[in-house]
Amino acid sequence: MSAASFVLIKARIATMAEPSGYGLLDDGAIVVADGRIQFVGGRGDLPRQFAAWPHIDLGGRLVTPALIDCHTHLVHGGSRAREFEMRLEGASYAEIAAAGGGIMSTVRATRAAAADQLLAGALGRLDALLAEGTGTVEVKSGYGLDLENELKMLRVARDLARHRKVRIRTTFLGAHALPPEFAGRPDDFIDFLCHEVLPAAHAQGLVDAVDAFCEGIAFSVAQTRRMFEAATVLGLPVKIHAEQLSNLGGAALAAQFDGLSADHIEYLDEAGVAAMARAGTVATLLPGAFYCLRETQMPPIGRLKGAGVPIALSTDCNPGTSPLTSLLLTMNMGCTLFRLTPAEALAGVTVNAARALGLGDETGSIEVGKAADLAVFDVADPAELSYRIGFNPLHARFLEGVEA
């Protein structure tokens with residue numbers, strides 16, 4: 001299928017265009033031209049002007065927006081399977097990091113890997129996501145932690161879209177961990193990132209947003225603020241890893257900068273929720289990490305809902321704490337672990353995930369004028385996507401009107 005004009009008919013459409021719920025249309029039709037949605041509605045309401053266009057009969061199948069994975073570390077070297085064993089033996093996240101494992105073990109492997117090796121590994125993980133109907137993936141740097149390797153990671157992330165039909169958003173996460181060459185000098189490292197690495201990456205067109213890991217084992221609120229100030233000077237939006245292991249106030253800091261999202265947020269307090277609500281900052285929940293780390297502190301789901309904070313879900317695909325490459329399983333985890341409804345879970349990987357990437361006007365819902373990013377599933381009830389475990393009902397995937 002090319003990006004020519006066509007009409008999808010006899011579809012059950014979850015538009016995800018309503019504030020809550022699926023926005024279901026039965027016996028629906030979607031008109032696509034030049035990669036954009038021209039009409040969405042009941043088949044009986046299809047304007048006559050489209051009657052002669054090629055029609056594709058979906059036989060009652062479910063159509064949703066193409067799924068969006070809005071927080072991944074898809075590009076990395078090495079494996080951390082041994083750390084999985086260590087956690088089972090009782091070691092904590094912080095203890096593994098203090099012993100030289102954790103993020104720094106992946107930094108060593110990523111620095112040692114050639115770009116083509118990183119690309120090959122990332123493509124395998126990406127293919128698993130695409131096979132379930134994903135159309136957009138965010139990819140973070142943060143395993144290079146020096147100029148050469150951060151740029152290498154970001155270039156590989158951009159290259160993914162040259163090898164697969166996918167929309168890639170890249171996020172600079174230089175403030176992910178303190179590398180050994182800056183041991184004991186975190187402020188000097190932040191200076192290095194702000195004045196050398198981030199400007200170079202931005203100048204080469206490799207950065208869509210800036211992230212930071214604000215946590216006791218990573219960077220302080222003051223250090224994160226400096227990263228965000230540098231991003232603001234360059235006109236880049238910000239995101240944050242915050243309140244995963246403790247409450248430092250990182251989410252509220254991101255909200256001060258109109259942050260796109262605050263991610264993890266298990267220890268988010270009421271003040272942080274209120275700040276996010278005022279700023280429109282999306283809460284990105286990462287149930288894969290919660291599951292793998294066997295956490296017990298749940299994000300404040302009730303408070304987030306009560307304050308009207310949009311909730312996104314993502315795999316957090318990474319080699320250490322969430323080696324997860326399934327958004328369908330992520331949706332199930334969002335329901336079973338965090339008590340989201342299936343409708344909320346689907347919104348979390350479509351419309352709210354798009355907002356978390358600053359793409360709300362482009363994708364994430366099936367509306368006239370948006371990109372024709374669509375997933376067609378061999379189910380009738382949208383709840384099936386969250387209900388089943390280890391089952392992939394994808395029938396077809398479209399990105400900007402092209403079947404991929």
# chains A, B, ... in the order shown; residues from 1 in each chain; ligands from 1
>>> residues_around(residues="Val349 in chain A", least_positions_apart="5", cutoff="8 Å", atoms="only C-alpha atoms", output="list of chain:residue names")
A:Leu67, A:Ile68, A:Asp69, A:Cys70, A:Ala312, A:Leu313, A:Ser314, A:Leu327, A:Met331, A:Ala354
>>> residues_around(residues="Ile190 in chain A", least_positions_apart="6", cutoff="12 Å", atoms="only C-alpha atoms", output="list in words")
Leu145, Asp146, Leu173, Gly174, Ala175, His176, Ala177, Leu178, Pro179, Phe182, Glu196, Val197, Leu198, Ala212, Ala218, Phe219, Ser220, Ala222, Gln223, Thr224, Arg225, Arg226, Met227, Phe228, Glu229 and Ala230 of chain A
>>> select_by_dssp(residues="range 28-82 of chain A", states="helix (DSSP H, G or I)", output="ChimeraX atom specification")
/A:43-45,48-50,81-82
>>> closest_residue(among="A:Gln244, A:Ser365, A:Ser79, A:Ser386", to="Met16 in chain A", atoms="only C-alpha atoms")
A:Ser365
>>> select_by_dssp(residues="range 145-196 of chain A", states="strand (DSSP E or B)", output="list in words")
Arg167, Ile168, Arg169, Thr170, Thr171, Phe172, Leu173, Gly174 and Ala175 of chain A
>>> write_last_selection(atoms="N, CA, C and O atoms", output="PDB file, in the first residue's frame")
ATOM      1  N   ARG A 167       8.280   6.568  13.265  1.00  0.00           N
ATOM      2  CA  ARG A 167       8.619   7.939  13.656  1.00  0.00           C
ATOM      3  C   ARG A 167       9.466   7.865  14.924  1.00  0.00           C
ATOM      4  O   ARG A 167       9.042   7.292  15.925  1.00  0.00           O
ATOM      5  N   ILE A 168      10.656   8.425  14.889  1.00  0.00           N
ATOM      6  CA  ILE A 168      11.584   8.398  16.018  1.00  0.00           C
ATOM      7  C   ILE A 168      11.724   9.793  16.607  1.00  0.00           C
ATOM      8  O   ILE A 168      11.902  10.774  15.882  1.00  0.00           O
ATOM      9  N   ARG A 169      11.625   9.886  17.921  1.00  0.00           N
ATOM     10  CA  ARG A 169      11.935  11.123  18.650  1.00  0.00           C
ATOM     11  C   ARG A 169      13.138  10.830  19.537  1.00  0.00           C
ATOM     12  O   ARG A 169      13.170   9.825  20.252  1.00  0.00           O
ATOM     13  N   THR A 170      14.124  11.702  19.487  1.00  0.00           N
ATOM     14  CA  THR A 170      15.348  11.484  20.261  1.00  0.00           C
ATOM     15  C   THR A 170      15.407  12.433  21.451  1.00  0.00           C
ATOM     16  O   THR A 170      15.087  13.617  21.332  1.00  0.00           O
ATOM     17  N   THR A 171      15.834  11.891  22.570  1.00  0.00           N
ATOM     18  CA  THR A 171      15.933  12.662  23.806  1.00  0.00           C
ATOM     19  C   THR A 171      17.358  12.579  24.344  1.00  0.00           C
ATOM     20  O   THR A 171      17.909  11.487  24.491  1.00  0.00           O
ATOM     21  N   PHE A 172      17.933  13.735  24.651  1.00  0.00           N
ATOM     22  CA  PHE A 172      19.281  13.800  25.218  1.00  0.00           C
ATOM     23  C   PHE A 172      19.200  13.556  26.721  1.00  0.00           C
ATOM     24  O   PHE A 172      18.612  14.338  27.466  1.00  0.00           O
ATOM     25  N   LEU A 173      19.799  12.457  27.179  1.00  0.00           N
ATOM     26  CA  LEU A 173      19.809  12.091  28.593  1.00  0.00           C
ATOM     27  C   LEU A 173      21.244  11.985  29.085  1.00  0.00           C
ATOM     28  O   LEU A 173      21.646  11.011  29.718  1.00  0.00           O
ATOM     29  N   GLY A 174      22.043  12.999  28.777  1.00  0.00           N
ATOM     30  CA  GLY A 174      23.417  12.985  29.257  1.00  0.00           C
ATOM     31  C   GLY A 174      23.494  12.916  30.766  1.00  0.00           C
ATOM     32  O   GLY A 174      24.395  12.269  31.336  1.00  0.00           O
ATOM     33  N   ALA A 175      22.554  13.572  31.465  1.00  0.00           N
ATOM     34  CA  ALA A 175      22.524  13.558  32.935  1.00  0.00           C
ATOM     35  C   ALA A 175      21.800  12.304  33.416  1.00  0.00           C
ATOM     36  O   ALA A 175      20.742  12.351  34.054  1.00  0.00           O
TER      37      ALA A 175
END
>>> residues_around(residues="Arg125 in chain A", least_positions_apart="6", cutoff="12 Å", atoms="only C-alpha atoms", output="list in words")
Thr72, His73, Leu74, Val75, His76, Leu118, Leu119, Ala131, Glu132, Thr134, Val137, Val139, Leu160, Arg164, Thr315, Cys317, Asn318, Pro319, Pro323, Leu324, Thr325, Ser326 and Leu327 of chain A
>>> residues_around(residues="Arg108 in chain A", least_positions_apart="4", cutoff="12 Å", atoms="only C-alpha atoms", output="PyMOL selection string")
chain A and resi 76-80+100-104+112-113+142-146+149+179-180
>>> write_last_selection(atoms="N, CA and C atoms", output="PDB file, in the first residue's frame")
ATOM      1  N   HIS A  76      21.537   0.615  23.046  1.00  0.00           N
ATOM      2  CA  HIS A  76      22.501   0.332  24.110  1.00  0.00           C
ATOM      3  C   HIS A  76      23.320  -0.893  23.729  1.00  0.00           C
ATOM      4  N   GLY A  77      24.451  -1.030  24.376  1.00  0.00           N
ATOM      5  CA  GLY A  77      25.283  -2.203  24.191  1.00  0.00           C
ATOM      6  C   GLY A  77      25.169  -3.133  25.392  1.00  0.00           C
ATOM      7  N   GLY A  78      25.529  -4.391  25.185  1.00  0.00           N
ATOM      8  CA  GLY A  78      25.652  -5.326  26.300  1.00  0.00           C
ATOM      9  C   GLY A  78      24.345  -5.876  26.830  1.00  0.00           C
ATOM     10  N   SER A  79      24.471  -6.672  27.881  1.00  0.00           N
ATOM     11  CA  SER A  79      23.344  -7.301  28.568  1.00  0.00           C
ATOM     12  C   SER A  79      23.569  -7.176  30.068  1.00  0.00           C
ATOM     13  N   ARG A  80      22.473  -7.121  30.809  1.00  0.00           N
ATOM     14  CA  ARG A  80      22.583  -7.072  32.264  1.00  0.00           C
ATOM     15  C   ARG A  80      21.767  -8.198  32.905  1.00  0.00           C
ATOM     16  N   GLY A 100      29.237  -1.013  40.911  1.00  0.00           N
ATOM     17  CA  GLY A 100      29.764  -0.829  39.564  1.00  0.00           C
ATOM     18  C   GLY A 100      28.875  -1.385  38.479  1.00  0.00           C
ATOM     19  N   GLY A 101      27.727  -1.894  38.876  1.00  0.00           N
ATOM     20  CA  GLY A 101      26.771  -2.388  37.899  1.00  0.00           C
ATOM     21  C   GLY A 101      25.812  -1.301  37.489  1.00  0.00           C
ATOM     22  N   GLY A 102      24.607  -1.683  37.175  1.00  0.00           N
ATOM     23  CA  GLY A 102      23.604  -0.699  36.806  1.00  0.00           C
ATOM     24  C   GLY A 102      23.961   0.026  35.522  1.00  0.00           C
ATOM     25  N   ILE A 103      23.641   1.296  35.508  1.00  0.00           N
ATOM     26  CA  ILE A 103      23.817   2.101  34.310  1.00  0.00           C
ATOM     27  C   ILE A 103      25.256   2.074  33.814  1.00  0.00           C
ATOM     28  N   MET A 104      26.219   2.105  34.746  1.00  0.00           N
ATOM     29  CA  MET A 104      27.617   2.203  34.315  1.00  0.00           C
ATOM     30  C   MET A 104      28.084   0.955  33.573  1.00  0.00           C
ATOM     31  N   ALA A 112      32.074   0.715  24.068  1.00  0.00           N
ATOM     32  CA  ALA A 112      32.918  -0.247  23.348  1.00  0.00           C
ATOM     33  C   ALA A 112      32.300  -0.700  22.030  1.00  0.00           C
ATOM     34  N   ALA A 113      31.014  -0.467  21.856  1.00  0.00           N
ATOM     35  CA  ALA A 113      30.320  -0.968  20.667  1.00  0.00           C
ATOM     36  C   ALA A 113      30.418   0.026  19.513  1.00  0.00           C
ATOM     37  N   GLY A 142      22.303   8.602  26.877  1.00  0.00           N
ATOM     38  CA  GLY A 142      22.543   8.438  28.299  1.00  0.00           C
ATOM     39  C   GLY A 142      23.395   7.255  28.689  1.00  0.00           C
ATOM     40  N   TYR A 143      23.856   6.488  27.695  1.00  0.00           N
ATOM     41  CA  TYR A 143      24.800   5.409  27.974  1.00  0.00           C
ATOM     42  C   TYR A 143      26.163   5.697  27.357  1.00  0.00           C
ATOM     43  N   GLY A 144      26.353   6.924  26.892  1.00  0.00           N
ATOM     44  CA  GLY A 144      27.654   7.341  26.369  1.00  0.00           C
ATOM     45  C   GLY A 144      28.390   8.177  27.392  1.00  0.00           C
ATOM     46  N   LEU A 145      27.701   9.229  27.876  1.00  0.00           N
ATOM     47  CA  LEU A 145      28.203  10.096  28.941  1.00  0.00           C
ATOM     48  C   LEU A 145      29.508  10.795  28.595  1.00  0.00           C
ATOM     49  N   ASP A 146      29.838  10.866  27.311  1.00  0.00           N
ATOM     50  CA  ASP A 146      30.909  11.720  26.826  1.00  0.00           C
ATOM     51  C   ASP A 146      30.473  12.243  25.463  1.00  0.00           C
ATOM     52  N   ASN A 149      30.392   9.444  22.406  1.00  0.00           N
ATOM     53  CA  ASN A 149      29.447   8.340  22.503  1.00  0.00           C
ATOM     54  C   ASN A 149      28.000   8.785  22.662  1.00  0.00           C
ATOM     55  N   PRO A 179      29.923   9.546  35.035  1.00  0.00           N
ATOM     56  CA  PRO A 179      30.940   8.645  34.487  1.00  0.00           C
ATOM     57  C   PRO A 179      32.201   8.658  35.348  1.00  0.00           C
ATOM     58  N   PRO A 180      33.032   7.630  35.240  1.00  0.00           N
ATOM     59  CA  PRO A 180      34.209   7.527  36.120  1.00  0.00           C
ATOM     60  C   PRO A 180      35.193   8.672  35.954  1.00  0.00           C
TER      61      PRO A 180
END
>>> atom_distance(atom1="CA of Arg388 in chain A", atom2="CA of Gly360 in chain A")
27.8 Å
